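Student: Got a structure for you, written out below as structure tokens; questions coming shortly.
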Amino acid sequence: MGRKRLQDAADGRPTVHTVAARAGVSIASASRVLNGVGGSPETVRRVREAAAAVGYVPNAIARSLQSQRTGLIAFAVEDIGNPVYVAMMRAIEAVVAESGHQLLVHATGGQVASETALLRRLAHRYVDGMIISPIRITAAHVAALTTTPVPVVVIGQLADDVPVDNVRTDSRSGIALAVDHLVAAGRTRIAFLNGPLDTVPGVARDAGFRAALERHGMPVDLIEVGDFQYAPGRAAAERLLSRAEPDAIVCANDLIAVGALHALLVAGKRVPEDVALVGMDDTELAQMSYPQISSVSLGSEERGRRAARLLLERIADGALPPRREHVAPSLVIRATSGGVQ
């Protein structure tokens, strides 16, 4: 009994000494197995059986201090309820789990102060790395991104001179895909429901819509701006219908598109016979709605996977040059623009 007390921690918890004594191996051998470094099959078996028998629990804090690794990855987004970020989160979690990491998710509300505060907190090294998808990129973001001691990957548009790993798409050309599809279907009065114009996606999608209509020689006069959410999207559609008779509507995301669909149906409009509708992001919402919504896919899952892989590579080798990866948009045609339900 006295020997066991010497081997156990002061609070009675079994230590690596306890496990080594039980397994009949050296403390160094037991430590290697318990830290995942390995050993001979027989040593691994004996140490694991001994650890289970004595109820050994690794001291995660001590191991983190020794390795300078926490085993945690952070993912920061505007709204964890948005289906786009849910898809990204699932893809990221699958990749980081394979490496033995766990995922922490932060909701920032799209607030610059919240996002930059999170980036500054990385100085405390509470995670091994962060993936962040801000809808606004400010000078404060850039300053925090370029001075953090912990690896960060940005999903979204970054200036080319910001030396941070980046996964991006092109929502401007994605909007063009939607407009071209609607023009080919014979639509001539195409409207656009957008989110805030002080956001990166809002600016890009507005520019894409205007350029696409001008390319087709159509007037750019049916635009309503709200927010990237269901209720503002529905309200924007109601404002539009109160002043105009569009025969097609492009929406800056699927949440807006669902709101617009409901506004159209309440107004007695047939979709797509009277008004065709196309969303963006190709989330589960587009498939769950009735009629199913045509939508521009921006590869949310693929962007998440690529960001996670870039981050893990950066954690393993901090000397890598900054990487830029691009995921191209594609159009998924469903019932609201003339496809099959």
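We name chains A, B, ... following the order of the structure tokens; residues begin at 1 in each chain, and ligands are numbered from 1 as shown.
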Using only C-alpha atoms, determine which residues lie at most 6 Å from Ile155 (chain A), disregarding the query and same-chain residues fewer than 2 positions distant; provide the list as a compact mmCIF listing (two decimals) with all heavy atoms, in the first residue's frame.

Tutor:
# COMPACT_ATOMS: atom_id res chain seq x y z
N SER A 133 -14.17 32.91 -41.00
CA SER A 133 -14.87 33.30 -42.22
C SER A 133 -15.62 34.61 -41.97
O SER A 133 -16.84 34.61 -41.77
CB SER A 133 -15.84 32.19 -42.67
OG SER A 133 -16.45 32.53 -43.89
N ASN A 166 -5.51 31.23 -47.44
CA ASN A 166 -6.84 31.71 -47.81
C ASN A 166 -7.53 30.75 -48.77
O ASN A 166 -6.92 30.27 -49.73
CB ASN A 166 -6.68 33.09 -48.48
CG ASN A 166 -7.98 33.72 -48.91
OD1 ASN A 166 -8.03 34.41 -49.92
ND2 ASN A 166 -9.04 33.52 -48.17
N VAL A 167 -8.80 30.46 -48.49
CA VAL A 167 -9.64 29.67 -49.40
C VAL A 167 -10.79 30.58 -49.82
O VAL A 167 -11.50 31.12 -48.97
CB VAL A 167 -10.19 28.40 -48.74
CG1 VAL A 167 -11.07 27.63 -49.72
CG2 VAL A 167 -9.05 27.51 -48.25
N ARG A 168 -10.98 30.74 -51.10
CA ARG A 168 -11.97 31.68 -51.58
C ARG A 168 -12.81 31.07 -52.70
O ARG A 168 -12.46 30.04 -53.27
CB ARG A 168 -11.30 32.96 -52.07
CG ARG A 168 -10.34 32.73 -53.23
CD ARG A 168 -9.67 34.03 -53.68
NE ARG A 168 -8.74 34.54 -52.69
CZ ARG A 168 -8.09 35.70 -52.82
NH1 ARG A 168 -8.29 36.45 -53.88
NH2 ARG A 168 -7.26 36.10 -51.89

Student: Which residues, written as a PDB file with N, CA, C and O atoms, in the first residue's frame, have at least one atom at most 12 Å from Ala139 (chain A), with only C-alpha atoms counted and residues fewer than 4 positions away on the same chain left out?

Tutor:
ATOM      1  N   VAL A 112     -17.016  43.193 -36.092  1.00  0.00           N
ATOM      2  CA  VAL A 112     -15.568  43.328 -36.276  1.00  0.00           C
ATOM      3  C   VAL A 112     -14.842  43.234 -34.941  1.00  0.00           C
ATOM      4  O   VAL A 112     -13.809  42.563 -34.814  1.00  0.00           O
ATOM      5  N   ALA A 113     -15.369  43.892 -33.912  1.00  0.00           N
ATOM      6  CA  ALA A 113     -14.714  43.888 -32.595  1.00  0.00           C
ATOM      7  C   ALA A 113     -14.633  42.471 -32.035  1.00  0.00           C
ATOM      8  O   ALA A 113     -13.622  42.087 -31.437  1.00  0.00           O
ATOM      9  N   THR A 116     -11.922  40.469 -34.195  1.00  0.00           N
ATOM     10  CA  THR A 116     -10.544  40.862 -33.924  1.00  0.00           C
ATOM     11  C   THR A 116     -10.136  40.502 -32.498  1.00  0.00           C
ATOM     12  O   THR A 116      -8.975  40.170 -32.242  1.00  0.00           O
ATOM     13  N   ALA A 143      -4.471  43.553 -39.445  1.00  0.00           N
ATOM     14  CA  ALA A 143      -3.443  43.712 -38.414  1.00  0.00           C
ATOM     15  C   ALA A 143      -3.410  42.521 -37.474  1.00  0.00           C
ATOM     16  O   ALA A 143      -2.339  42.002 -37.130  1.00  0.00           O
ATOM     17  N   ALA A 144      -4.595  42.048 -37.063  1.00  0.00           N
ATOM     18  CA  ALA A 144      -4.653  40.911 -36.148  1.00  0.00           C
ATOM     19  C   ALA A 144      -4.209  39.623 -36.837  1.00  0.00           C
ATOM     20  O   ALA A 144      -3.507  38.794 -36.243  1.00  0.00           O
ATOM     21  N   LEU A 145      -4.597  39.450 -38.093  1.00  0.00           N
ATOM     22  CA  LEU A 145      -4.236  38.235 -38.836  1.00  0.00           C
ATOM     23  C   LEU A 145      -2.729  38.124 -39.040  1.00  0.00           C
ATOM     24  O   LEU A 145      -2.174  37.020 -38.997  1.00  0.00           O
ATOM     25  N   THR A 146      -2.071  39.249 -39.276  1.00  0.00           N
ATOM     26  CA  THR A 146      -0.647  39.219 -39.606  1.00  0.00           C
ATOM     27  C   THR A 146       0.256  39.263 -38.386  1.00  0.00           C
ATOM     28  O   THR A 146       1.479  39.160 -38.532  1.00  0.00           O
ATOM     29  N   LEU A 158      -9.545  37.777 -49.455  1.00  0.00           N
ATOM     30  CA  LEU A 158      -8.465  38.531 -48.829  1.00  0.00           C
ATOM     31  C   LEU A 158      -7.665  39.232 -49.909  1.00  0.00           C
ATOM     32  O   LEU A 158      -7.516  38.697 -51.021  1.00  0.00           O
ATOM     33  N   ALA A 159      -7.133  40.390 -49.594  1.00  0.00           N
ATOM     34  CA  ALA A 159      -6.226  41.044 -50.529  1.00  0.00           C
ATOM     35  C   ALA A 159      -5.012  40.153 -50.752  1.00  0.00           C
ATOM     36  O   ALA A 159      -4.552  39.454 -49.837  1.00  0.00           O
ATOM     37  N   VAL A 162      -1.975  40.130 -48.313  1.00  0.00           N
ATOM     38  CA  VAL A 162      -2.083  39.699 -46.915  1.00  0.00           C
ATOM     39  C   VAL A 162      -1.498  38.290 -46.817  1.00  0.00           C
ATOM     40  O   VAL A 162      -2.034  37.347 -47.405  1.00  0.00           O
TER      41      VAL A 162
END

Student: Can you list, as number ranges by chain, all residues belonging to region 42-241 of chain A that DSSP tags as helix (DSSP H, G or I)?

Tutor: A: 42-54, 60-67, 83-98, 112-124, 139-147, 171-184, 200-215, 230-241

Student: Pick out each residue of region 24-143 of chain A that DSSP on the backbone tags as strand (DSSP E); I need them as a list in words.

Tutor: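 Going through region 24-143 of chain A, the strand (DSSP E) residues come out as Leu72, Ile73, Ala74, Phe75, Ala76, Val77, Gln102, Leu103, Leu104, Val105, His106, Ala107, Gly129, Met130, Ile131, Ile132 and Ser133 of chain A.
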
Student: With only C-alpha atoms as the basis for distance, which of A:Val164, A:Thr138, A:Pro246, A:Thr147 is at the shortest distance from Asp198 (chain A)?

Tutor: A:Thr138

Student: Give me the residues near Ala286 (chain A) as a VMD selection string, where near means some atom within 9 Å (using only C-alpha atoms) and where sequence neighbours in that chain fewer than 4 positions away do not count.

Tutor: chain A and resid 254 to 255 257 to 258 279 to 282 290 to 295 334

Student: Taking N, CA, C and O atoms for each residue, export the selection above as an mmCIF file, in the first residue's frame.

Tutor:
data_model
loop_
_atom_site.group_PDB
_atom_site.id
_atom_site.type_symbol
_atom_site.label_atom_id
_atom_site.label_comp_id
_atom_site.auth_asym_id
_atom_site.auth_seq_id
_atom_site.Cartn_x
_atom_site.Cartn_y
_atom_site.Cartn_z
ATOM 1 N N ASP A 254 -29.446 31.545 -49.823
ATOM 2 C CA ASP A 254 -30.654 30.714 -49.781
ATOM 3 C C ASP A 254 -31.631 31.145 -48.691
ATOM 4 O O ASP A 254 -32.842 30.936 -48.822
ATOM 5 N N LEU A 255 -31.130 31.725 -47.608
ATOM 6 C CA LEU A 255 -32.043 32.224 -46.576
ATOM 7 C C LEU A 255 -32.923 33.337 -47.143
ATOM 8 O O LEU A 255 -34.140 33.373 -46.910
ATOM 9 N N ALA A 257 -33.593 33.626 -50.288
ATOM 10 C CA ALA A 257 -34.431 32.989 -51.312
ATOM 11 C C ALA A 257 -35.665 32.335 -50.709
ATOM 12 O O ALA A 257 -36.760 32.401 -51.285
ATOM 13 N N VAL A 258 -35.522 31.704 -49.550
ATOM 14 C CA VAL A 258 -36.690 31.097 -48.899
ATOM 15 C C VAL A 258 -37.683 32.187 -48.501
ATOM 16 O O VAL A 258 -38.899 32.038 -48.677
ATOM 17 N N GLY A 279 -31.407 31.099 -55.769
ATOM 18 C CA GLY A 279 -30.683 31.484 -54.562
ATOM 19 C C GLY A 279 -29.187 31.328 -54.741
ATOM 20 O O GLY A 279 -28.680 31.181 -55.856
ATOM 21 N N MET A 280 -28.479 31.368 -53.632
ATOM 22 C CA MET A 280 -27.027 31.196 -53.668
ATOM 23 C C MET A 280 -26.558 30.506 -52.399
ATOM 24 O O MET A 280 -27.063 30.788 -51.315
ATOM 25 N N ASP A 281 -25.623 29.590 -52.566
ATOM 26 C CA ASP A 281 -24.956 28.782 -51.537
ATOM 27 C C ASP A 281 -25.331 27.313 -51.666
ATOM 28 O O ASP A 281 -24.634 26.450 -51.154
ATOM 29 N N ASP A 282 -26.459 27.003 -52.313
ATOM 30 C CA ASP A 282 -26.924 25.630 -52.484
ATOM 31 C C ASP A 282 -26.878 24.862 -51.164
ATOM 32 O O ASP A 282 -26.260 23.804 -51.048
ATOM 33 N N TYR A 290 -40.285 23.848 -50.898
ATOM 34 C CA TYR A 290 -41.192 23.402 -51.961
ATOM 35 C C TYR A 290 -41.852 24.612 -52.600
ATOM 36 O O TYR A 290 -42.523 25.379 -51.907
ATOM 37 N N PRO A 291 -41.649 24.789 -53.894
ATOM 38 C CA PRO A 291 -40.798 23.986 -54.774
ATOM 39 C C PRO A 291 -39.312 24.139 -54.429
ATOM 40 O O PRO A 291 -38.917 25.140 -53.834
ATOM 41 N N GLN A 292 -38.531 23.147 -54.816
ATOM 42 C CA GLN A 292 -37.104 23.207 -54.525
ATOM 43 C C GLN A 292 -36.464 24.380 -55.272
ATOM 44 O O GLN A 292 -36.824 24.686 -56.410
ATOM 45 N N ILE A 293 -35.510 25.012 -54.599
ATOM 46 C CA ILE A 293 -34.950 26.271 -55.105
ATOM 47 C C ILE A 293 -33.664 26.030 -55.899
ATOM 48 O O ILE A 293 -32.723 25.389 -55.411
ATOM 49 N N SER A 294 -33.632 26.568 -57.109
ATOM 50 C CA SER A 294 -32.374 26.601 -57.864
ATOM 51 C C SER A 294 -31.385 27.468 -57.085
ATOM 52 O O SER A 294 -31.766 28.476 -56.482
ATOM 53 N N SER A 295 -30.123 27.081 -57.102
ATOM 54 C CA SER A 295 -29.164 27.824 -56.286
ATOM 55 C C SER A 295 -27.761 27.686 -56.852
ATOM 56 O O SER A 295 -27.399 26.655 -57.439
ATOM 57 N N ARG A 334 -33.114 23.763 -60.187
ATOM 58 C CA ARG A 334 -34.229 23.007 -59.625
ATOM 59 C C ARG A 334 -35.562 23.629 -60.091
ATOM 60 O O ARG A 334 -35.582 24.383 -61.063
#

Student: Any idea what's packed within 12 Å of Leu264 (chain A), counting only C-alpha atoms, ignoring anything in its chain fewer than 6 positions away? Could you give it as a ChimeraX atom specification?

Tutor: /A:233-242,245-249,257-258,270-277,291,336

Student: Given the selection you just returned, output its residues as a file containing N, CA, C and O atoms, formatted as a tab-separated table (two decimals), in the first residue's frame.

Tutor:
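Result file follows (out.tsv):
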chain	number	residue	atom	x	y	z
A	233	GLY	N	-35.00	38.95	-45.92
A	233	GLY	CA	-35.17	38.55	-47.31
A	233	GLY	C	-36.62	38.60	-47.74
A	233	GLY	O	-36.95	39.08	-48.83
A	234	ARG	N	-37.50	38.12	-46.87
A	234	ARG	CA	-38.93	38.18	-47.17
A	234	ARG	C	-39.40	39.63	-47.25
A	234	ARG	O	-40.17	39.99	-48.16
A	235	ALA	N	-38.94	40.47	-46.33
A	235	ALA	CA	-39.32	41.89	-46.34
A	235	ALA	C	-38.83	42.58	-47.61
A	235	ALA	O	-39.54	43.41	-48.20
A	236	ALA	N	-37.61	42.23	-48.04
A	236	ALA	CA	-37.07	42.83	-49.26
A	236	ALA	C	-37.90	42.42	-50.47
A	236	ALA	O	-38.17	43.23	-51.37
A	237	ALA	N	-38.33	41.15	-50.50
A	237	ALA	CA	-39.17	40.69	-51.60
A	237	ALA	C	-40.52	41.40	-51.60
A	237	ALA	O	-41.04	41.77	-52.66
A	238	GLU	N	-41.07	41.62	-50.43
A	238	GLU	CA	-42.36	42.34	-50.34
A	238	GLU	C	-42.22	43.77	-50.83
A	238	GLU	O	-43.11	44.29	-51.53
A	239	ARG	N	-41.10	44.43	-50.49
A	239	ARG	CA	-40.87	45.79	-50.99
A	239	ARG	C	-40.76	45.79	-52.51
A	239	ARG	O	-41.31	46.67	-53.19
A	240	LEU	N	-40.05	44.80	-53.03
A	240	LEU	CA	-39.88	44.70	-54.47
A	240	LEU	C	-41.23	44.53	-55.17
A	240	LEU	O	-41.54	45.23	-56.14
A	241	LEU	N	-42.04	43.59	-54.68
A	241	LEU	CA	-43.32	43.30	-55.33
A	241	LEU	C	-44.30	44.46	-55.21
A	241	LEU	O	-45.24	44.57	-56.02
A	242	SER	N	-44.10	45.31	-54.22
A	242	SER	CA	-45.00	46.45	-54.06
A	242	SER	C	-44.76	47.53	-55.10
A	242	SER	O	-45.61	48.41	-55.31
A	245	GLU	N	-42.94	44.44	-61.16
A	245	GLU	CA	-43.42	43.12	-61.58
A	245	GLU	C	-42.27	42.35	-62.22
A	245	GLU	O	-42.22	42.18	-63.44
A	246	PRO	N	-41.35	41.87	-61.43
A	246	PRO	CA	-40.24	41.10	-62.01
A	246	PRO	C	-40.73	39.74	-62.50
A	246	PRO	O	-41.73	39.21	-62.01
A	247	ASP	N	-40.03	39.18	-63.48
A	247	ASP	CA	-40.35	37.80	-63.89
A	247	ASP	C	-39.27	36.83	-63.42
A	247	ASP	O	-39.33	35.63	-63.70
A	248	ALA	N	-38.28	37.35	-62.68
A	248	ALA	CA	-37.24	36.49	-62.08
A	248	ALA	C	-36.58	37.25	-60.94
A	248	ALA	O	-36.47	38.48	-60.98
A	249	ILE	N	-36.16	36.52	-59.93
A	249	ILE	CA	-35.44	37.12	-58.80
A	249	ILE	C	-34.21	36.28	-58.49
A	249	ILE	O	-34.29	35.05	-58.35
A	257	ALA	N	-33.59	33.63	-50.29
A	257	ALA	CA	-34.43	32.99	-51.31
A	257	ALA	C	-35.67	32.33	-50.71
A	257	ALA	O	-36.76	32.40	-51.29
A	258	VAL	N	-35.52	31.70	-49.55
A	258	VAL	CA	-36.69	31.10	-48.90
A	258	VAL	C	-37.68	32.19	-48.50
A	258	VAL	O	-38.90	32.04	-48.68
A	270	ARG	N	-47.11	32.46	-59.09
A	270	ARG	CA	-46.72	31.08	-59.34
A	270	ARG	C	-45.21	31.02	-59.60
A	270	ARG	O	-44.68	31.84	-60.36
A	271	VAL	N	-44.56	30.06	-58.96
A	271	VAL	CA	-43.11	29.91	-59.10
A	271	VAL	C	-42.85	28.53	-59.72
A	271	VAL	O	-43.26	27.51	-59.17
A	272	PRO	N	-42.28	28.47	-60.93
A	272	PRO	CA	-41.59	29.56	-61.65
A	272	PRO	C	-42.41	30.20	-62.77
A	272	PRO	O	-41.86	31.03	-63.50
A	273	GLU	N	-43.67	29.80	-62.94
A	273	GLU	CA	-44.42	30.28	-64.11
A	273	GLU	C	-44.46	31.81	-64.18
A	273	GLU	O	-44.20	32.40	-65.25
A	274	ASP	N	-44.80	32.47	-63.08
A	274	ASP	CA	-44.86	33.93	-63.05
A	274	ASP	C	-43.51	34.55	-62.74
A	274	ASP	O	-43.09	35.53	-63.37
A	275	VAL	N	-42.85	33.99	-61.74
A	275	VAL	CA	-41.55	34.53	-61.30
A	275	VAL	C	-40.60	33.37	-61.03
A	275	VAL	O	-40.90	32.49	-60.21
A	276	ALA	N	-39.50	33.35	-61.74
A	276	ALA	CA	-38.46	32.35	-61.47
A	276	ALA	C	-37.60	32.84	-60.30
A	276	ALA	O	-37.50	34.04	-60.04
A	277	LEU	N	-36.98	31.90	-59.61
A	277	LEU	CA	-36.22	32.26	-58.40
A	277	LEU	C	-34.93	31.45	-58.35
A	277	LEU	O	-34.94	30.23	-58.56
A	291	PRO	N	-41.65	24.79	-53.89
A	291	PRO	CA	-40.80	23.99	-54.77
A	291	PRO	C	-39.31	24.14	-54.43
A	291	PRO	O	-38.92	25.14	-53.83
A	336	THR	N	-37.64	25.97	-59.07
A	336	THR	CA	-38.03	27.40	-59.05
A	336	THR	C	-37.56	28.18	-60.27
A	336	THR	O	-37.96	29.33	-60.45

Student: Could you check the closest approach to Ala260 (chain A) for each of A:Ile315, A:Ala191, A:Leu34, A:Val200 and tell me which residue wins, using only C-alpha atoms?

Tutor: A:Ala191

Student: If we count only C-alpha atoms, what is near region 299-311 of chain A at a cut-off of 7 Å, once residues fewer than 6 positions away on the same chain are taken out, given as a list in words?

Tutor: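 Once the adjacent positions are removed, what remains is Val84, Ala87, Met88, Met89, Ala91, Ile92, Val95, Val96, Gly129, Ile131, Pro151, Val152, Val153, Ile155, Val167, Val327 and Pro329 of chain A.
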
Student: Export, as a compact mmCIF listing (two decimals), in the first residue's frame, the selected residues with N, CA, C and O atoms.

Tutor:
# COMPACT_ATOMS: atom_id res chain seq x y z
N VAL A 84 -24.88 27.51 -44.46
CA VAL A 84 -23.57 27.55 -45.10
C VAL A 84 -22.48 27.18 -44.10
O VAL A 84 -21.60 26.36 -44.38
N ALA A 87 -22.53 23.51 -42.99
CA ALA A 87 -21.88 22.64 -43.97
C ALA A 87 -20.36 22.73 -43.85
O ALA A 87 -19.65 21.72 -43.88
N MET A 88 -19.85 23.96 -43.71
CA MET A 88 -18.41 24.13 -43.53
C MET A 88 -17.93 23.44 -42.27
O MET A 88 -16.90 22.75 -42.26
N MET A 89 -18.68 23.64 -41.18
CA MET A 89 -18.30 23.09 -39.89
C MET A 89 -18.21 21.57 -39.94
O MET A 89 -17.26 20.97 -39.42
N ALA A 91 -17.60 19.69 -42.54
CA ALA A 91 -16.44 19.30 -43.34
C ALA A 91 -15.15 19.53 -42.57
O ALA A 91 -14.24 18.68 -42.60
N ILE A 92 -15.04 20.65 -41.89
CA ILE A 92 -13.84 20.94 -41.10
C ILE A 92 -13.67 19.94 -39.98
O ILE A 92 -12.57 19.41 -39.75
N VAL A 95 -12.24 16.61 -41.08
CA VAL A 95 -10.81 16.63 -41.39
C VAL A 95 -9.97 16.72 -40.11
O VAL A 95 -9.00 15.96 -39.94
N VAL A 96 -10.32 17.64 -39.22
CA VAL A 96 -9.48 17.81 -38.02
C VAL A 96 -9.59 16.61 -37.08
O VAL A 96 -8.64 16.29 -36.36
N GLY A 129 -4.82 26.39 -33.79
CA GLY A 129 -5.03 27.16 -35.01
C GLY A 129 -6.48 27.56 -35.14
O GLY A 129 -7.35 27.04 -34.43
N ILE A 131 -9.70 28.73 -38.05
CA ILE A 131 -10.28 29.02 -39.36
C ILE A 131 -11.36 30.06 -39.11
O ILE A 131 -12.22 29.88 -38.25
N PRO A 151 -1.37 29.79 -36.17
CA PRO A 151 -1.79 29.73 -37.57
C PRO A 151 -3.28 30.02 -37.75
O PRO A 151 -4.12 29.58 -36.97
N VAL A 152 -3.60 30.78 -38.80
CA VAL A 152 -4.99 31.12 -39.14
C VAL A 152 -5.19 30.91 -40.63
O VAL A 152 -4.32 31.24 -41.43
N VAL A 153 -6.35 30.39 -40.99
CA VAL A 153 -6.76 30.30 -42.39
C VAL A 153 -8.07 31.08 -42.52
O VAL A 153 -8.97 30.93 -41.70
N ILE A 155 -11.44 31.84 -44.71
CA ILE A 155 -12.35 31.47 -45.79
C ILE A 155 -13.06 32.74 -46.21
O ILE A 155 -13.82 33.33 -45.44
N VAL A 167 -8.80 30.46 -48.49
CA VAL A 167 -9.64 29.67 -49.40
C VAL A 167 -10.79 30.58 -49.82
O VAL A 167 -11.50 31.12 -48.97
N VAL A 327 -12.24 27.80 -55.02
CA VAL A 327 -13.31 26.84 -55.30
C VAL A 327 -14.30 27.53 -56.24
O VAL A 327 -14.90 28.54 -55.89
N PRO A 329 -17.62 28.40 -58.47
CA PRO A 329 -19.07 28.25 -58.28
C PRO A 329 -19.68 27.39 -59.38
O PRO A 329 -19.10 27.23 -60.46
